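Engineer: Please find coords21.tsv (TSV, N, CA and C atoms) on the next line:
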```
chain	number	residue	atom	x	y	z
A	15	MET	N	-31.83	0.29	234.22
A	15	MET	CA	-33.16	0.52	233.72
A	15	MET	C	-34.17	0.14	234.80
A	16	LYS	N	-35.24	0.88	234.85
A	16	LYS	CA	-36.32	0.60	235.80
A	16	LYS	C	-37.07	-0.66	235.39
A	17	ARG	N	-37.64	-1.35	236.34
A	17	ARG	CA	-38.30	-2.64	236.12
A	17	ARG	C	-39.80	-2.57	236.40
A	18	CYS	N	-40.55	-3.49	235.77
A	18	CYS	CA	-42.01	-3.51	235.92
A	18	CYS	C	-42.46	-3.65	237.37
A	19	ILE	N	-41.74	-4.41	238.15
A	19	ILE	CA	-42.16	-4.68	239.52
A	19	ILE	C	-42.32	-3.41	240.36
A	20	THR	N	-41.65	-2.33	239.96
A	20	THR	CA	-41.75	-1.07	240.71
A	20	THR	C	-42.52	0.01	239.94
A	21	CYS	N	-43.24	-0.40	238.87
A	21	CYS	CA	-43.94	0.56	238.02
A	21	CYS	C	-45.43	0.63	238.33
A	22	LYS	N	-45.98	1.84	238.31
A	22	LYS	CA	-47.40	2.03	238.60
A	22	LYS	C	-48.31	1.49	237.50
A	23	HIS	N	-47.79	1.24	236.32
A	23	HIS	CA	-48.60	0.75	235.21
A	23	HIS	C	-48.73	-0.77	235.18
A	24	TRP	N	-47.98	-1.46	236.02
A	24	TRP	CA	-47.88	-2.92	235.93
A	24	TRP	C	-48.83	-3.62	236.89
A	25	GLY	N	-49.60	-4.57	236.37
A	25	GLY	CA	-50.40	-5.43	237.22
A	25	GLY	C	-51.72	-4.88	237.70
A	26	ASN	N	-52.35	-4.04	236.92
A	26	ASN	CA	-53.62	-3.44	237.33
A	26	ASN	C	-54.84	-4.10	236.71
A	27	GLY	N	-54.64	-5.08	235.84
A	27	GLY	CA	-55.76	-5.70	235.14
A	27	GLY	C	-56.34	-6.89	235.87
A	28	THR	N	-57.51	-7.32	235.43
A	28	THR	CA	-58.16	-8.47	236.05
A	28	THR	C	-57.40	-9.77	235.78
A	29	PHE	N	-56.66	-9.82	234.67
A	29	PHE	CA	-55.84	-10.98	234.32
A	29	PHE	C	-54.74	-11.21	235.36
A	30	ASP	N	-54.36	-10.19	236.10
A	30	ASP	CA	-53.12	-10.19	236.88
A	30	ASP	C	-53.20	-10.80	238.27
A	31	LYS	N	-54.35	-11.19	238.73
A	31	LYS	CA	-54.47	-11.67	240.10
A	31	LYS	C	-53.72	-12.99	240.29
A	32	ASN	N	-52.80	-13.01	241.22
A	32	ASN	CA	-52.07	-14.22	241.63
A	32	ASN	C	-51.26	-14.87	240.52
A	33	VAL	N	-50.73	-14.09	239.60
A	33	VAL	CA	-49.83	-14.64	238.57
A	33	VAL	C	-48.53	-13.85	238.59
A	34	ARG	N	-47.47	-14.45	238.12
A	34	ARG	CA	-46.17	-13.79	238.11
A	34	ARG	C	-46.05	-12.76	237.00
A	35	SER	N	-46.56	-13.09	235.82
A	35	SER	CA	-46.53	-12.16	234.70
A	35	SER	C	-47.80	-11.31	234.74
A	36	LYS	N	-47.67	-10.02	234.50
A	36	LYS	CA	-48.80	-9.12	234.62
A	36	LYS	C	-48.91	-8.19	233.41
A	37	THR	N	-50.04	-7.55	233.28
A	37	THR	CA	-50.27	-6.64	232.16
A	37	THR	C	-49.70	-5.25	232.45
A	38	CYS	N	-49.52	-4.49	231.38
A	38	CYS	CA	-49.09	-3.11	231.47
A	38	CYS	C	-50.22	-2.22	230.98
A	39	ASP	N	-50.58	-1.21	231.79
A	39	ASP	CA	-51.64	-0.30	231.36
A	39	ASP	C	-51.12	1.12	231.13
A	40	SER	N	-49.86	1.22	230.68
A	40	SER	CA	-49.31	2.52	230.33
A	40	SER	C	-50.18	3.17	229.25
A	41	PRO	N	-50.50	4.45	229.40
A	41	PRO	CA	-51.30	5.12	228.37
A	41	PRO	C	-50.58	5.24	227.03
A	42	LYS	N	-49.30	4.95	226.99
A	42	LYS	CA	-48.55	5.01	225.74
A	42	LYS	C	-48.55	3.68	225.00
A	43	ILE	N	-49.15	2.65	225.60
A	43	ILE	CA	-49.30	1.37	224.93
A	43	ILE	C	-50.76	1.24	224.51
A	44	LEU	N	-51.00	1.41	223.23
A	44	LEU	CA	-52.34	1.35	222.68
A	44	LEU	C	-52.66	-0.09	222.29
A	45	ARG	N	-53.95	-0.41	222.27
A	45	ARG	CA	-54.37	-1.78	221.99
A	45	ARG	C	-55.44	-1.80	220.92
A	46	GLY	N	-55.35	-2.76	220.01
A	46	GLY	CA	-56.42	-2.96	219.07
A	46	GLY	C	-56.00	-2.93	217.62
A	47	TYR	N	-56.95	-3.33	216.79
A	47	TYR	CA	-56.70	-3.42	215.36
A	47	TYR	C	-56.99	-2.12	214.63
A	48	ASN	N	-57.73	-1.22	215.24
A	48	ASN	CA	-58.15	-0.01	214.55
A	48	ASN	C	-57.34	1.23	214.94
A	49	VAL	N	-56.21	1.04	215.59
A	49	VAL	CA	-55.34	2.16	215.97
A	49	VAL	C	-54.60	2.64	214.72
A	50	LYS	N	-54.64	3.93	214.50
A	50	LYS	CA	-53.93	4.51	213.36
A	50	LYS	C	-52.48	4.75	213.72
A	51	ASP	N	-51.61	4.59	212.75
A	51	ASP	CA	-50.18	4.78	212.96
A	51	ASP	C	-49.87	6.13	213.60
A	52	GLU	N	-50.55	7.18	213.15
A	52	GLU	CA	-50.26	8.52	213.69
A	52	GLU	C	-50.75	8.70	215.13
A	53	ASP	N	-51.55	7.78	215.64
A	53	ASP	CA	-52.02	7.86	217.03
A	53	ASP	C	-51.07	7.21	218.03
A	54	VAL	N	-50.12	6.40	217.53
A	54	VAL	CA	-49.17	5.73	218.41
A	54	VAL	C	-48.08	6.73	218.80
A	55	PRO	N	-47.87	6.96	220.13
A	55	PRO	CA	-46.82	7.89	220.56
A	55	PRO	C	-45.46	7.46	220.03
A	56	ILE	N	-44.57	8.42	219.78
A	56	ILE	CA	-43.25	8.07	219.25
A	56	ILE	C	-42.44	7.23	220.23
A	57	ASP	N	-42.81	7.27	221.51
A	57	ASP	CA	-42.15	6.41	222.50
A	57	ASP	C	-43.12	5.36	223.04
A	58	GLY	N	-44.13	5.01	222.24
A	58	GLY	CA	-45.14	4.04	222.65
A	58	GLY	C	-45.19	2.84	221.74
A	59	ALA	N	-46.31	2.12	221.80
A	59	ALA	CA	-46.48	0.91	221.00
A	59	ALA	C	-47.96	0.65	220.76
A	60	ASN	N	-48.24	-0.11	219.72
A	60	ASN	CA	-49.58	-0.63	219.48
A	60	ASN	C	-49.49	-2.14	219.59
A	61	VAL	N	-50.32	-2.72	220.45
A	61	VAL	CA	-50.29	-4.15	220.72
A	61	VAL	C	-51.56	-4.79	220.20
A	62	GLU	N	-51.43	-5.85	219.43
A	62	GLU	CA	-52.59	-6.60	218.96
A	62	GLU	C	-53.36	-7.12	220.16
A	63	GLU	N	-54.68	-7.01	220.11
A	63	GLU	CA	-55.45	-7.43	221.28
A	63	GLU	C	-56.69	-8.21	220.86
A	64	ASP	N	-56.74	-9.45	221.29
A	64	ASP	CA	-57.91	-10.28	221.01
A	64	ASP	C	-58.80	-10.44	222.24
A	65	VAL	N	-58.20	-10.58	223.40
A	65	VAL	CA	-58.98	-10.91	224.59
A	65	VAL	C	-58.88	-9.90	225.73
A	66	GLY	N	-58.23	-8.77	225.51
A	66	GLY	CA	-58.24	-7.70	226.49
A	66	GLY	C	-57.03	-7.53	227.38
A	67	TRP	N	-56.04	-8.43	227.29
A	67	TRP	CA	-54.91	-8.26	228.19
A	67	TRP	C	-53.72	-7.55	227.57
A	68	GLY	N	-53.67	-7.35	226.29
A	68	GLY	CA	-52.62	-6.55	225.67
A	68	GLY	C	-51.23	-7.12	225.86
A	69	ILE	N	-50.34	-6.41	226.53
A	69	ILE	CA	-48.96	-6.82	226.74
A	69	ILE	C	-48.81	-7.38	228.16
A	70	VAL	N	-48.10	-8.50	228.27
A	70	VAL	CA	-47.85	-9.13	229.56
A	70	VAL	C	-46.35	-9.28	229.72
A	71	THR	N	-45.83	-8.89	230.89
A	71	THR	CA	-44.39	-8.97	231.15
A	71	THR	C	-44.12	-9.62	232.49
A	72	GLY	N	-42.89	-10.08	232.64
A	72	GLY	CA	-42.43	-10.57	233.93
A	72	GLY	C	-42.00	-9.41	234.80
A	73	PRO	N	-41.81	-9.63	236.10
A	73	PRO	CA	-41.52	-8.55	237.03
A	73	PRO	C	-40.21	-7.80	236.78
A	74	HIS	N	-39.25	-8.44	236.15
A	74	HIS	CA	-37.96	-7.79	235.94
A	74	HIS	C	-37.74	-7.31	234.51
A	75	PHE	N	-38.82	-7.24	233.73
A	75	PHE	CA	-38.74	-6.64	232.40
A	75	PHE	C	-38.43	-5.15	232.58
A	76	GLY	N	-37.55	-4.61	231.77
A	76	GLY	CA	-37.21	-3.20	231.84
A	76	GLY	C	-37.89	-2.41	230.74
A	77	CYS	N	-38.27	-1.16	231.05
A	77	CYS	CA	-39.05	-0.40	230.08
A	77	CYS	C	-38.79	1.09	230.22
A	78	VAL	N	-38.74	1.79	229.10
A	78	VAL	CA	-38.53	3.23	229.10
A	78	VAL	C	-39.79	3.99	229.53
A	79	LEU	N	-40.94	3.31	229.60
A	79	LEU	CA	-42.19	3.96	230.00
A	79	LEU	C	-42.42	3.89	231.51
A	80	HIS	N	-41.46	3.37	232.25
A	80	HIS	CA	-41.58	3.18	233.70
A	80	HIS	C	-41.93	4.47	234.43
A	81	GLU	N	-42.86	4.35	235.37
A	81	GLU	CA	-43.15	5.42	236.32
A	81	GLU	C	-43.25	4.78	237.69
A	82	ASP	N	-42.53	5.31	238.66
A	82	ASP	CA	-42.54	4.75	240.00
A	82	ASP	C	-43.93	4.67	240.58
A	83	LYS	N	-44.16	3.59	241.36
A	83	LYS	CA	-45.45	3.44	242.06
A	83	LYS	C	-45.62	4.55	243.07
```
Rewrite the coordinates I just gave you, this time as C-alpha cells.
Structural biologist:
Amino acid sequence: MKRCITCKHWGNGTFDKNVRSKTCDSPKILRGYNVKDEDVPIDGANVEEDVGWGIVTGPHFGCVLHEDK
C-alpha cells in the first residue's frame, strides 16, 4: 500500500510545519458538521472538524486515496 510520506495530499496545511504527523487535504476527505451523507464520496470520508486540521496521520500511514507527489 502507498504511504502518506509519498502522497501529494499530505502535509500541506499550516498545522504541518516541523511536525512528524501531518494533515491530509485529499478532496475525498470532507470536513465539518454540515456535510450531508450523500456528499461523501463512496471511497472518501467525513471528518469532524473543530479547529481546521481535520485528519492527521503519521508518515507511514497507508491509504487508498494516495496520489504520488
Engineer: Kindly indicate which residue among A:Lys83, A:Pro73, A:Val54, A:Pro41 lies nearest to Cys18 of chain A, using all atoms listed in the file for the distances.
Structural biologist: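 With all atoms listed in the file as the atom set, the closest residue is A:Pro73.
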Engineer: Do you have the atom N of Met15 of chain A-atom N of Gly58 of chain A distance handy?
Structural biologist: 17.8 Å
Engineer: Phe75 of chain A: which residues within 7 Å, counting all atoms listed in the file, same-chain residues fewer than 3 positions away excluded, as a list of chain:residue names?
Structural biologist: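 My list of contacting residues is A:Lys16, A:Arg17, A:Cys18, A:Ile19, A:Thr71, A:Gly72.
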Engineer: Quick one: everything within 12 Å of Gly27 of chain A, counting only C-alpha atoms, minus sequence neighbours fewer than 2 positions away in the same chain. Send it as a ChimeraX atom specification.
Structural biologist: /A:22-25,29-33,35-40,66-70
Engineer: Just the number, please: distance in Å from atom C of Asp51 of chain A to atom CA of His74 of chain A, one decimal.
Structural biologist: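 Computed distance, atom C of Asp51 of chain A to atom CA of His74 of chain A, equals 28.9 Å.
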Engineer: Figure out the distance between atom CA of Glu52 of chain A and atom CA of Thr28 of chain A, please, to one decimal in Å.
Structural biologist: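 One can read the atom CA of Thr28 of chain A to atom CA of Glu52 of chain A distance as 29.2 Å.
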